[in-house]
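Q: Have a peek at target.pdb (PDB, C-alpha atoms).
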ATOM      1  CA  MET A  23       0.000   0.000   0.000
ATOM      2  CA  THR A  24       1.444   3.363  -1.000
ATOM      3  CA  THR A  25       1.743   6.304   1.363
ATOM      4  CA  ASN A  26      -0.696   8.478  -0.605
ATOM      5  CA  THR A  27      -3.385   5.802  -0.930
ATOM      6  CA  ALA A  28      -5.781   4.717   1.787
ATOM      7  CA  HIS A  29      -7.884   1.567   1.860
ATOM      8  CA  ALA A  30     -11.243   0.695   3.381
ATOM      9  CA  VAL A  31     -13.613  -2.248   3.639
ATOM     10  CA  HIS A  32     -17.001  -1.654   1.993
ATOM     11  CA  GLN A  33     -20.084  -3.790   2.470
ATOM     12  CA  ILE A  34     -21.612  -4.404  -0.955
ATOM     13  CA  ALA A  35     -24.484  -6.824  -0.140
ATOM     14  CA  ARG A  36     -26.833  -7.648   2.727
ATOM     15  CA  PRO A  37     -25.943 -11.036   4.235
ATOM     16  CA  THR A  38     -28.446 -13.839   4.494
ATOM     17  CA  GLY A  39     -27.524 -15.809   7.590
ATOM     18  CA  PHE A  40     -23.747 -15.910   8.032
ATOM     19  CA  PRO A  41     -21.923 -13.259   5.978
ATOM     20  CA  THR A  42     -19.432 -14.390   3.349
ATOM     21  CA  ALA A  43     -16.418 -12.714   1.769
ATOM     22  CA  ALA A  44     -18.588 -11.940  -1.284
ATOM     23  CA  ASP A  45     -20.567  -9.438   0.824
ATOM     24  CA  PHE A  46     -17.511  -7.146   1.058
ATOM     25  CA  THR A  47     -14.879  -5.482  -1.054
ATOM     26  CA  TYR A  48     -11.665  -3.558  -0.460
ATOM     27  CA  ALA A  49     -11.691  -0.028  -1.863
ATOM     28  CA  ALA A  50      -8.845   2.434  -2.409
ATOM     29  CA  PHE A  51      -9.053   6.230  -2.059
ATOM     30  CA  PRO A  52      -6.608   9.136  -1.620
ATOM     31  CA  VAL A  53      -5.365   9.741   1.906
ATOM     32  CA  PRO A  54      -7.549  12.650   3.101
ATOM     33  CA  GLU A  55      -6.196  16.017   4.188
ATOM     34  CA  PRO A  56      -7.268  17.260   7.629
ATOM     35  CA  GLY A  57      -9.536  20.285   7.583
ATOM     36  CA  PRO A  58     -10.118  22.770  10.402
ATOM     37  CA  GLY A  59     -10.817  20.928  13.660
ATOM     38  CA  THR A  60      -9.815  17.487  12.368
ATOM     39  CA  ALA A  61      -6.760  15.252  12.528
ATOM     40  CA  LEU A  62      -5.514  12.641  10.083
ATOM     41  CA  VAL A  63      -4.977   9.307  11.826
ATOM     42  CA  GLU A  64      -3.124   6.288  10.492
ATOM     43  CA  ASN A  65      -4.822   3.255  12.003
ATOM     44  CA  LEU A  66      -2.634   0.699  13.755
ATOM     45  CA  LEU A  67      -5.164  -1.749  15.221
ATOM     46  CA  LEU A  68      -8.755  -2.504  14.208
ATOM     47  CA  SER A  69     -11.466  -4.258  16.172
ATOM     48  CA  VAL A  70     -13.942  -6.689  14.609
ATOM     49  CA  ASP A  71     -16.943  -7.325  16.857
ATOM     50  CA  PRO A  72     -20.147  -9.385  16.976
ATOM     51  CA  TYR A  73     -22.297  -6.234  16.981
ATOM     52  CA  HIS A  74     -21.101  -5.457  13.446
ATOM     53  CA  ARG A  75     -23.206  -8.357  12.188
ATOM     54  CA  GLY A  76     -26.470  -6.727  13.264
ATOM     55  CA  LEU A  77     -25.536  -3.421  11.636
ATOM     56  CA  MET A  78     -24.933  -5.193   8.318
ATOM     57  CA  ASP A  79     -28.649  -5.846   7.919
ATOM     58  CA  GLY A  80     -29.193  -2.104   7.378
ATOM     59  CA  GLY A  81     -32.201  -0.264   8.747
ATOM     60  CA  GLU A  82     -32.045   2.536  11.272
ATOM     61  CA  GLY A  83     -28.486   2.945  12.524
ATOM     62  CA  GLY A  84     -27.180   0.165  10.277
ATOM     63  CA  PHE A  85     -24.325   0.228   7.778
ATOM     64  CA  GLU A  86     -24.910   1.729   4.350
ATOM     65  CA  LEU A  87     -23.783  -0.233   1.323
ATOM     66  CA  ASN A  88     -20.746   0.837  -0.703
ATOM     67  CA  THR A  89     -19.305   3.048   2.038
ATOM     68  CA  PRO A  90     -16.469   2.386   4.519
ATOM     69  CA  LEU A  91     -17.556   0.281   7.461
ATOM     70  CA  GLU A  92     -16.917   1.629  10.926
ATOM     71  CA  GLY A  93     -15.544   0.104  14.093
ATOM     72  CA  ARG A  94     -13.291   0.723  17.048
ATOM     73  CA  SER A  95      -9.694   1.486  16.202
ATOM     74  CA  VAL A  96      -6.421   2.769  17.638
ATOM     75  CA  GLY A  97      -4.316   4.997  15.422
ATOM     76  CA  ARG A  98      -1.474   7.521  15.386
ATOM     77  CA  VAL A  99      -1.969  11.161  14.413
ATOM     78  CA  LEU A 100      -0.048  12.006  11.220
ATOM     79  CA  ALA A 101      -1.209  15.621  10.858
ATOM     80  CA  SER A 102      -3.584  17.719  12.897
ATOM     81  CA  ARG A 103      -5.704  20.832  12.689
ATOM     82  CA  ASP A 104      -7.506  19.822  15.878
ATOM     83  CA  PRO A 105      -6.098  21.917  18.740
ATOM     84  CA  GLY A 106      -6.523  18.971  21.125
ATOM     85  CA  LEU A 107      -4.414  16.547  19.072
ATOM     86  CA  ARG A 108      -0.755  16.674  18.110
ATOM     87  CA  GLU A 109       1.288  14.723  15.604
ATOM     88  CA  GLY A 110       2.298  11.412  17.170
ATOM     89  CA  ASP A 111      -0.623  11.216  19.620
ATOM     90  CA  LEU A 112      -2.305   7.837  19.926
ATOM     91  CA  VAL A 113      -6.077   8.042  19.483
ATOM     92  CA  PHE A 114      -9.002   5.714  20.112
ATOM     93  CA  HIS A 115     -11.842   6.314  17.647
ATOM     94  CA  ARG A 116     -14.635   4.579  15.765
ATOM     95  CA  ALA A 117     -13.620   5.155  12.133
ATOM     96  CA  GLY A 118     -12.030   1.750  11.775
ATOM     97  CA  TRP A 119     -12.081  -0.862   8.990
ATOM     98  CA  ARG A 120      -9.877   1.512   6.996
ATOM     99  CA  THR A 121      -6.202   2.431   6.991
ATOM    100  CA  HIS A 122      -6.620   6.205   7.466
ATOM    101  CA  ALA A 123      -9.355   8.352   8.982
ATOM    102  CA  LEU A 124     -10.183  11.942   9.863
ATOM    103  CA  VAL A 125     -11.203  12.345  13.500
ATOM    104  CA  THR A 126     -12.164  15.148  15.859
ATOM    105  CA  LEU A 127     -11.431  14.871  19.545
ATOM    106  CA  GLY A 128     -14.639  14.209  21.487
ATOM    107  CA  VAL A 129     -16.734  13.401  18.409
ATOM    108  CA  ASP A 130     -18.040   9.823  18.007
ATOM    109  CA  GLY A 131     -15.983   8.691  20.967
ATOM    110  CA  ALA A 132     -12.600   9.912  19.688
ATOM    111  CA  ARG A 133     -10.194  10.366  22.601
ATOM    112  CA  ARG A 134      -6.464  10.646  23.124
ATOM    113  CA  LEU A 135      -5.108   7.532  24.799
ATOM    114  CA  ARG A 136      -3.592   7.789  28.249
ATOM    115  CA  ARG A 137      -0.008   6.553  28.236
ATOM    116  CA  HIS A 138       0.366   3.495  30.444
ATOM    117  CA  GLU A 139       3.992   2.386  30.539
ATOM    118  CA  GLY A 140       4.302  -1.373  30.200
ATOM    119  CA  VAL A 141       0.765  -1.906  28.867
ATOM    120  CA  PRO A 142       0.565  -3.288  25.282
ATOM    121  CA  LEU A 143      -1.313  -1.211  22.731
ATOM    122  CA  GLU A 144      -3.671  -4.142  22.097
ATOM    123  CA  ALA A 145      -5.114  -3.672  25.595
ATOM    124  CA  HIS A 146      -6.789  -0.444  24.465
ATOM    125  CA  LEU A 147      -9.072  -2.483  22.183
ATOM    126  CA  SER A 148      -9.551  -5.377  24.603
ATOM    127  CA  HIS A 149      -9.679  -4.974  28.377
ATOM    128  CA  LEU A 150      -9.208  -1.188  28.291
ATOM    129  CA  GLY A 151     -11.455  -0.797  25.245
ATOM    130  CA  GLY A 152     -15.113  -1.362  24.496
ATOM    131  CA  THR A 153     -15.082  -5.037  25.454
ATOM    132  CA  GLY A 154     -13.513  -4.407  28.844
ATOM    133  CA  LEU A 155     -15.746  -1.416  29.457
ATOM    134  CA  THR A 156     -18.801  -3.529  28.618
ATOM    135  CA  ALA A 157     -17.738  -6.231  31.073
ATOM    136  CA  TYR A 158     -16.918  -3.691  33.798
ATOM    137  CA  ALA A 159     -20.246  -1.889  33.429
ATOM    138  CA  ALA A 160     -22.148  -5.193  33.348
ATOM    139  CA  LEU A 161     -20.549  -6.400  36.572
ATOM    140  CA  THR A 162     -20.232  -3.208  38.614
ATOM    141  CA  ARG A 163     -23.323  -1.289  37.504
ATOM    142  CA  THR A 164     -25.926  -3.526  35.866
ATOM    143  CA  ALA A 165     -25.489  -6.713  37.929
ATOM    144  CA  ALA A 166     -23.709  -5.102  40.921
ATOM    145  CA  LEU A 167     -21.663  -8.257  41.558
ATOM    146  CA  ARG A 168     -20.674  -8.600  45.207
ATOM    147  CA  ALA A 169     -17.683 -10.422  46.671
ATOM    148  CA  GLY A 170     -18.520 -14.050  47.396
ATOM    149  CA  GLU A 171     -21.173 -14.376  44.676
ATOM    150  CA  ASP A 172     -21.196 -16.972  41.892
ATOM    151  CA  LEU A 173     -21.128 -15.957  38.228
ATOM    152  CA  PHE A 174     -21.909 -17.619  34.906
ATOM    153  CA  VAL A 175     -20.769 -16.015  31.646
ATOM    154  CA  SER A 176     -21.559 -17.300  28.154
ATOM    155  CA  ALA A 177     -19.171 -17.038  25.176
ATOM    156  CA  ALA A 178     -16.610 -16.907  27.949
ATOM    157  CA  ALA A 179     -13.591 -17.335  25.675
ATOM    158  CA  GLY A 180     -14.508 -14.284  23.580
ATOM    159  CA  GLY A 181     -13.552 -10.663  24.143
ATOM    160  CA  VAL A 182     -16.259  -9.637  26.613
ATOM    161  CA  GLY A 183     -16.256 -13.094  28.190
ATOM    162  CA  THR A 184     -12.552 -13.136  29.057
ATOM    163  CA  ALA A 185     -12.742  -9.571  30.384
ATOM    164  CA  THR A 186     -15.764 -10.543  32.488
ATOM    165  CA  GLY A 187     -13.879 -13.472  33.998
ATOM    166  CA  HIS A 188     -10.852 -11.365  34.929
ATOM    167  CA  ILE A 189     -12.860  -8.478  36.360
ATOM    168  CA  ALA A 190     -15.178 -10.763  38.319
ATOM    169  CA  ARG A 191     -12.182 -12.472  39.926
ATOM    170  CA  LEU A 192     -10.680  -9.092  40.851
ATOM    171  CA  LEU A 193     -14.035  -8.072  42.354
ATOM    172  CA  GLY A 194     -14.018 -11.148  44.588
ATOM    173  CA  ALA A 195     -16.410 -13.545  42.855
ATOM    174  CA  ARG A 196     -16.500 -16.943  44.593
ATOM    175  CA  ARG A 197     -17.017 -19.267  41.609
ATOM    176  CA  ILE A 198     -16.839 -18.333  37.923
ATOM    177  CA  ILE A 199     -18.352 -20.678  35.331
ATOM    178  CA  GLY A 200     -18.115 -20.240  31.568
ATOM    179  CA  SER A 201     -19.487 -21.778  28.399
ATOM    180  CA  ALA A 202     -17.535 -21.968  25.145
ATOM    181  CA  GLY A 203     -17.737 -23.594  21.737
ATOM    182  CA  SER A 204     -14.929 -26.161  21.795
ATOM    183  CA  ALA A 205     -13.009 -28.451  24.114
ATOM    184  CA  ALA A 206      -9.855 -26.404  23.506
ATOM    185  CA  LYS A 207     -11.600 -23.225  24.642
ATOM    186  CA  VAL A 208     -12.949 -24.989  27.730
ATOM    187  CA  ARG A 209      -9.385 -26.028  28.607
ATOM    188  CA  HIS A 210      -8.232 -22.454  28.042
ATOM    189  CA  LEU A 211     -10.893 -21.108  30.410
ATOM    190  CA  THR A 212     -10.057 -23.433  33.278
ATOM    191  CA  GLY A 213      -6.320 -23.761  32.619
ATOM    192  CA  ALA A 214      -5.119 -20.335  31.473
ATOM    193  CA  LEU A 215      -7.855 -17.973  32.665
ATOM    194  CA  GLY A 216      -8.651 -19.500  36.044
ATOM    195  CA  PHE A 217     -12.356 -20.252  35.603
ATOM    196  CA  ASP A 218     -13.593 -22.655  38.276
ATOM    197  CA  ALA A 219     -15.660 -24.655  35.778
ATOM    198  CA  ALA A 220     -16.481 -24.526  32.072
ATOM    199  CA  PHE A 221     -18.341 -26.586  29.502
ATOM    200  CA  ASP A 222     -18.736 -26.909  25.730
ATOM    201  CA  TYR A 223     -22.321 -25.994  24.876
ATOM    202  CA  HIS A 224     -22.227 -28.503  21.995
ATOM    203  CA  ASP A 225     -21.940 -31.366  24.503
ATOM    204  CA  GLY A 226     -25.553 -31.249  25.695
ATOM    205  CA  PRO A 227     -28.363 -28.979  26.880
ATOM    206  CA  VAL A 228     -26.931 -25.824  28.394
ATOM    207  CA  GLY A 229     -29.267 -25.935  31.378
ATOM    208  CA  GLU A 230     -28.191 -29.453  32.309
ATOM    209  CA  GLN A 231     -24.482 -28.691  31.944
ATOM    210  CA  LEU A 232     -24.800 -25.477  33.943
ATOM    211  CA  ALA A 233     -26.682 -27.298  36.707
ATOM    212  CA  GLN A 234     -23.813 -29.799  36.890
ATOM    213  CA  ALA A 235     -21.188 -27.050  36.997
ATOM    214  CA  ALA A 236     -23.132 -25.003  39.568
ATOM    215  CA  PRO A 237     -25.286 -27.430  41.567
ATOM    216  CA  ASP A 238     -26.003 -24.767  44.195
ATOM    217  CA  GLY A 239     -27.004 -22.160  41.615
ATOM    218  CA  ILE A 240     -25.612 -18.807  40.527
ATOM    219  CA  ASP A 241     -26.151 -15.197  41.540
ATOM    220  CA  VAL A 242     -25.224 -13.354  38.337
ATOM    221  CA  TYR A 243     -25.310 -14.207  34.632
ATOM    222  CA  VAL A 244     -23.523 -12.112  31.995
ATOM    223  CA  ASP A 245     -25.191 -13.107  28.726
ATOM    224  CA  ASN A 246     -23.381 -12.795  25.412
ATOM    225  CA  VAL A 247     -25.379 -15.504  23.614
ATOM    226  CA  GLY A 248     -29.119 -15.450  24.405
ATOM    227  CA  GLY A 249     -31.443 -18.303  23.442
ATOM    228  CA  GLU A 250     -30.822 -21.610  25.214
ATOM    229  CA  HIS A 251     -28.093 -20.048  27.365
ATOM    230  CA  LEU A 252     -30.483 -17.476  28.802
ATOM    231  CA  GLU A 253     -33.088 -20.163  29.502
ATOM    232  CA  GLY A 254     -30.532 -22.342  31.278
ATOM    233  CA  ALA A 255     -29.248 -19.437  33.344
ATOM    234  CA  ILE A 256     -32.757 -18.475  34.487
ATOM    235  CA  ASP A 257     -33.194 -22.029  35.810
ATOM    236  CA  SER A 258     -29.911 -21.811  37.774
ATOM    237  CA  LEU A 259     -30.254 -18.306  39.149
ATOM    238  CA  ARG A 260     -30.989 -18.028  42.841
ATOM    239  CA  GLU A 261     -33.669 -15.751  44.244
ATOM    240  CA  TYR A 262     -32.867 -12.087  43.552
ATOM    241  CA  GLY A 263     -30.331 -13.084  40.887
ATOM    242  CA  ARG A 264     -29.341 -10.652  38.160
ATOM    243  CA  VAL A 265     -28.840 -10.981  34.405
ATOM    244  CA  ALA A 266     -26.692  -8.441  32.573
ATOM    245  CA  TRP A 267     -27.625  -9.014  28.925
ATOM    246  CA  VAL A 268     -24.761  -7.863  26.712
ATOM    247  CA  GLY A 269     -25.338  -9.662  23.403
ATOM    248  CA  ALA A 270     -27.090 -12.508  21.628
ATOM    249  CA  ILE A 271     -24.598 -13.979  19.196
ATOM    250  CA  SER A 272     -26.800 -17.069  18.789
ATOM    251  CA  LEU A 273     -29.413 -14.851  17.117
ATOM    252  CA  TYR A 274     -27.280 -12.608  14.895
ATOM    253  CA  ASN A 275     -27.200 -14.935  11.901
ATOM    254  CA  ALA A 276     -30.626 -16.523  12.409
ATOM    255  CA  ASP A 277     -33.290 -16.153   9.737
ATOM    256  CA  ARG A 278     -35.887 -15.359  12.373
ATOM    257  CA  SER A 279     -35.989 -14.634  16.066
ATOM    258  CA  PRO A 280     -36.558 -17.704  18.260
ATOM    259  CA  ALA A 281     -39.294 -17.913  20.842
ATOM    260  CA  ALA A 282     -38.618 -16.341  24.213
ATOM    261  CA  PRO A 283     -37.164 -18.628  26.917
ATOM    262  CA  ARG A 284     -39.854 -21.061  28.029
ATOM    263  CA  ASN A 285     -39.128 -20.300  31.676
ATOM    264  CA  LEU A 286     -39.271 -16.509  31.390
ATOM    265  CA  PHE A 287     -41.937 -16.231  34.108
ATOM    266  CA  GLU A 288     -39.315 -17.504  36.575
ATOM    267  CA  VAL A 289     -38.075 -13.903  36.500
ATOM    268  CA  VAL A 290     -41.200 -13.140  38.536
ATOM    269  CA  HIS A 291     -41.156 -16.260  40.728
ATOM    270  CA  LYS A 292     -37.529 -15.707  41.755
ATOM    271  CA  SER A 293     -37.618 -11.875  41.823
ATOM    272  CA  LEU A 294     -34.858 -11.809  39.212
ATOM    273  CA  ARG A 295     -33.639  -8.700  37.451
ATOM    274  CA  LEU A 296     -32.781  -8.724  33.734
ATOM    275  CA  GLU A 297     -31.263  -5.586  32.230
ATOM    276  CA  GLY A 298     -29.569  -4.846  28.929
ATOM    277  CA  VAL A 299     -26.062  -3.389  28.725
ATOM    278  CA  LEU A 300     -25.097  -0.836  26.058
ATOM    279  CA  VAL A 301     -21.511   0.294  26.385
ATOM    280  CA  ARG A 302     -22.288   3.732  24.964
ATOM    281  CA  ASN A 303     -24.263   4.445  28.133
ATOM    282  CA  HIS A 304     -21.197   3.853  30.303
ATOM    283  CA  THR A 305     -18.380   5.824  28.662
ATOM    284  CA  ASN A 306     -18.118   7.870  31.857
ATOM    285  CA  LEU A 307     -16.507   4.781  33.446
ATOM    286  CA  GLN A 308     -13.473   4.756  31.140
ATOM    287  CA  GLU A 309     -11.017   6.365  33.546
ATOM    288  CA  GLU A 310     -12.331   4.250  36.433
ATOM    289  CA  LEU A 311     -11.843   1.105  34.338
ATOM    290  CA  GLU A 312      -8.251   2.010  33.492
ATOM    291  CA  ASP A 313      -7.380   2.857  37.094
ATOM    292  CA  PHE A 314      -8.819  -0.529  38.125
ATOM    293  CA  LEU A 315      -7.147  -2.727  35.470
ATOM    294  CA  VAL A 316      -3.829  -1.065  34.530
ATOM    295  CA  PRO A 317      -1.971  -2.223  37.675
ATOM    296  CA  HIS A 318      -2.973  -5.816  36.933
ATOM    297  CA  LEU A 319      -1.967  -5.525  33.271
ATOM    298  CA  ARG A 320       1.414  -4.132  34.322
ATOM    299  CA  SER A 321       1.996  -6.858  36.898
ATOM    300  CA  GLY A 322       1.033  -9.595  34.449
ATOM    301  CA  ARG A 323      -1.816 -10.849  36.609
ATOM    302  CA  ILE A 324      -3.968 -10.489  33.511
ATOM    303  CA  GLY A 325      -2.942 -10.364  29.850
ATOM    304  CA  THR A 326      -4.491  -8.570  26.890
ATOM    305  CA  ASP A 327      -6.316 -11.782  25.833
ATOM    306  CA  THR A 328      -6.311 -11.070  22.115
ATOM    307  CA  THR A 329      -6.146 -12.974  18.845
ATOM    308  CA  VAL A 330      -4.334 -10.699  16.373
ATOM    309  CA  VAL A 331      -4.558 -11.111  12.594
ATOM    310  CA  GLN A 332      -1.762  -9.389  10.677
ATOM    311  CA  GLY A 333      -2.587  -7.221   7.653
ATOM    312  CA  PHE A 334      -5.420  -4.900   6.670
ATOM    313  CA  ASP A 335      -6.236  -7.125   3.703
ATOM    314  CA  ARG A 336      -7.303  -9.822   6.179
ATOM    315  CA  THR A 337      -9.915  -7.680   7.980
ATOM    316  CA  VAL A 338     -12.877  -9.489   6.425
ATOM    317  CA  GLU A 339     -11.222 -12.845   7.113
ATOM    318  CA  ALA A 340     -10.774 -11.850  10.767
ATOM    319  CA  PHE A 341     -14.405 -10.746  11.066
ATOM    320  CA  LEU A 342     -15.776 -13.958   9.554
ATOM    321  CA  GLY A 343     -13.429 -16.007  11.710
ATOM    322  CA  MET A 344     -14.662 -14.227  14.825
ATOM    323  CA  LEU A 345     -18.285 -15.024  13.931
ATOM    324  CA  HIS A 346     -17.323 -18.679  13.549
ATOM    325  CA  GLY A 347     -15.482 -18.716  16.887
ATOM    326  CA  ASP A 348     -11.894 -18.871  15.617
ATOM    327  CA  ASN A 349     -10.659 -16.397  18.225
ATOM    328  CA  VAL A 350      -9.688 -16.734  21.858
ATOM    329  CA  GLY A 351     -10.214 -13.391  23.548
ATOM    330  CA  LYS A 352     -10.671 -10.230  21.500
ATOM    331  CA  MET A 353     -10.181 -10.491  17.730
ATOM    332  CA  LEU A 354      -8.031  -7.656  16.350
ATOM    333  CA  VAL A 355      -6.396  -6.743  13.046
ATOM    334  CA  ARG A 356      -2.921  -5.195  13.115
ATOM    335  CA  ILE A 357      -1.979  -2.892  10.248
ATOM    336  CA  GLY A 358       1.732  -2.685   9.515
ATOM    337  CA  SER A 359       4.432  -3.952  11.858
TER
END
So that I can check it, write out the structure of this file as structure tokens.
A:
Amino acid sequence: MTTNTAHAVHQIARPTGFPTAADFTYAAFPVPEPGPGTALVENLLLSVDPYHRGLMDGGEGGFELNTPLEGRSVGRVLASRDPGLREGDLVFHRAGWRTHALVTLGVDGARRLRRHEGVPLEAHLSHLGGTGLTAYAALTRTAALRAGEDLFVSAAAGGVGTATGHIARLLGARRIIGSAGSAAKVRHLTGALGFDAAFDYHDGPVGEQLAQAAPDGIDVYVDNVGGEHLEGAIDSLREYGRVAWVGAISLYNADRSPAAPRNLFEVVHKSLRLEGVLVRNHTNLQEELEDFLVPHLRSGRIGTDTTVVQGFDRTVEAFLGMLHGDNVGKMLVRIGS
């Protein structure tokens, strides 16, 4: 890629079920010049996330066809006419899935990164980024996890799942149970990440496996999957349990929405609380999150938990791989060396 040419991923078709590479194309355009109040950023790391799938169906707030897709990114300022940004600053922003972008500090979440010596850059798109912030808000605000409580998290080997496990342990959770999509991921959860129990949801009904892993029940469920996982968790939740509903990856590629959990009225019987989590409602917690996690990232108590694909031309491959569960932790794309 030449220095005066930028590249972006465009969506060119609406997916039916799982997206394919044919739904996207790579487009070239001149590197833009910053105008008044903007800065030109060269992207270094891109995030590919499950929520992108829902936006690809279009509709209100969805992606438009034949335009650059957007997503979380970390980049370096090359030139600036924004008084709050200087050449060389590292910036978090949402104009990802492209090699270069124009950003304005404070607009669409663009912010200058705090320098944390000894913390890898990848952390700013995993535990210190949107995934970590989602997990932190889900546990500390939505579910209000207390020390000594038991937690179940679905898609536990993914970005939000791994962050949830780490943060819950730091908050004093008693037992942490996770579900994942392969035996290797189950081993990773219990061996590398310190989960107390984990199971492969392909091995049998989720409710039965969860009941085996947590025979005395759970207090909190962080839901990244929906469907059968939510139904199983409702059965296992103790009285006054809480569900922080982050995502529903089991539904994103479905042709139609499934029926609601058959045991939904147990929410009433057990006085449960179920609340959705949107990270955009919790951006005020960013500094609190970093103050909480940075010491543990520096000490090595927790890692960045990322799967990094090298090369902008593999962005679509990374996204499709993430949807099919190829990643452990947060899936990222690194541009350049």
Q: Around all the atoms of region 104-111 of chain A listed in the file, draw an axis-aligned box and extend it by 8 Å on each of the six sides; I want its centre and edge lengths in Å to one decimal, as AutoDock Vina command-line options.
A:
--center_x -2.6 --center_y 16.6 --center_z 18.4 --size_x 25.8 --size_y 26.7 --size_z 21.5
Q: Excluding same-chain residues fewer than 6 positions from region 69-76 of chain A, what lies within 10 Å of it counting all atoms listed in the file, as a ChimeraX atom specification?
A: /A:37,39-41,83-85,91-96,116,118-119,144,147-148,151-153,180-181,246,269-271,273-275,330,337-338,340-345,352-356
Q: By how many Å are CA of Arg323 (chain A) and CA of Leu150 (chain A) apart?
A: 14.7 Å
Q: Taking into account all atoms listed in the file, which residue in the set A:Ala159, A:Asp335, A:Gly298, A:Ala202 is nearest to Phe46 (chain A)?
A: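 Of all the options, A:Asp335 lies closest to Phe46 (chain A).
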Q: Between CA of Arg191 (chain A) and CA of Leu161 (chain A), what is the distance in Å, rounded to a tenth?
A: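 Straight-line distance from CA of Arg191 (chain A) to CA of Leu161 (chain A) works out to 10.9 Å.
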Q: Give me the residues near Val31 (chain A) as a PyMOL selection string, where near means some atom within 6 Å (using all atoms listed in the file) and where sequence neighbours in that chain fewer than 2 positions away do not count.
A: chain A and resi 47-48+90+119
Q: Just so the selection is clear, what residues does the PyMOL selection byres ((chain A and resi 158) around 12) cover here, as a ChimeraX atom specification?
A: /A:148-157,159-167,182-193,244,266,268,299-301,304-312,314-315
Q: For the provided coordinates, the residues matched by the PyMOL selection byres ((chain A and resi 26) around 12) should be stated as a JSON list (two decimals) with C-alpha atoms, keeping the file's coordinate frame.
A:
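Ended up saving to part.json:
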[["chain", "number", "residue", "atom", "x", "y", "z"],
["A", 23, "MET", "CA", 0.00, 0.00, 0.00],
["A", 24, "THR", "CA", 1.44, 3.36, -1.00],
["A", 25, "THR", "CA", 1.74, 6.30, 1.36],
["A", 27, "THR", "CA", -3.38, 5.80, -0.93],
["A", 28, "ALA", "CA", -5.78, 4.72, 1.79],
["A", 29, "HIS", "CA", -7.88, 1.57, 1.86],
["A", 50, "ALA", "CA", -8.85, 2.43, -2.41],
["A", 51, "PHE", "CA", -9.05, 6.23, -2.06],
["A", 52, "PRO", "CA", -6.61, 9.14, -1.62],
["A", 53, "VAL", "CA", -5.36, 9.74, 1.91],
["A", 54, "PRO", "CA", -7.55, 12.65, 3.10],
["A", 55, "GLU", "CA", -6.20, 16.02, 4.19],
["A", 64, "GLU", "CA", -3.12, 6.29, 10.49],
["A", 121, "THR", "CA", -6.20, 2.43, 6.99],
["A", 122, "HIS", "CA", -6.62, 6.20, 7.47]]
Q: Could you list, as a list in words, every residue within 7 Å of Val125 (chain A), counting only C-alpha atoms and ignoring same-chain residues fewer than 6 positions away?
A: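 Near neighbours after the sequence-gap exclusion: Thr60, Ala61, Leu62 and Ala132 of chain A.
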Q: Could you tell me how far CA of Gly351 (chain A) sits from CA of Gly203 (chain A), in Å to one decimal place?
A: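 Distance reported for this atom pair: 12.8 Å.
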Q: Give as a ChimeraX atom specification the residues that the PyMOL selection byres ((chain A and resi 208) around 10) matches when applied to the coordinates above.
A: /A:178-179,200-207,209-215,217,219-223
Q: Around (-23.6, -13.5, 42.8), as given in the file, which residues come within 12 Å? Count all atoms listed in the file and list them as a ChimeraX atom specification.
A: /A:161-162,165-175,190-191,193-199,236,238-244,258-266,294
Q: Can you work out which one of A:Arg108, A:Arg320, A:Arg336, A:His115 has the shortest atom-to-atom distance to Gly131 (chain A), counting all atoms listed in the file?
A: A:His115
Q: Using all atoms listed in the file, which of the listed residues (A:Pro227, A:Met78, A:Leu67, A:Pro237) sits closest to Gly358 (chain A)?
A: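 Nearest candidate to Gly358 (chain A) out of A:Pro227, A:Met78, A:Leu67, A:Pro237: A:Leu67.
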Q: Ranking A:Ala44, A:Ile34, A:Ile256, A:Val247 by minimum distance to Ala233 (chain A) and counting only C-alpha atoms, which one comes first?
A: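 That would be A:Ile256, the residue with the smallest distance to Ala233 (chain A).
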Q: Looking at A:Arg133, A:Ala177, A:Gly254, A:Leu77, which one is nearest to Gly347 (chain A), with distances taken over only C-alpha atoms?
A: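 So, comparing all the options, the nearest one is A:Ala177.
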Q: Quick one: of A:Ile357, A:Ala117, A:Ala35, A:Leu112, who's nearest to Asp79 (chain A), counting all atoms listed in the file?
A: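 Comparing A:Ile357, A:Ala117, A:Ala35, A:Leu112 against Asp79 (chain A), the winner is A:Ala35.
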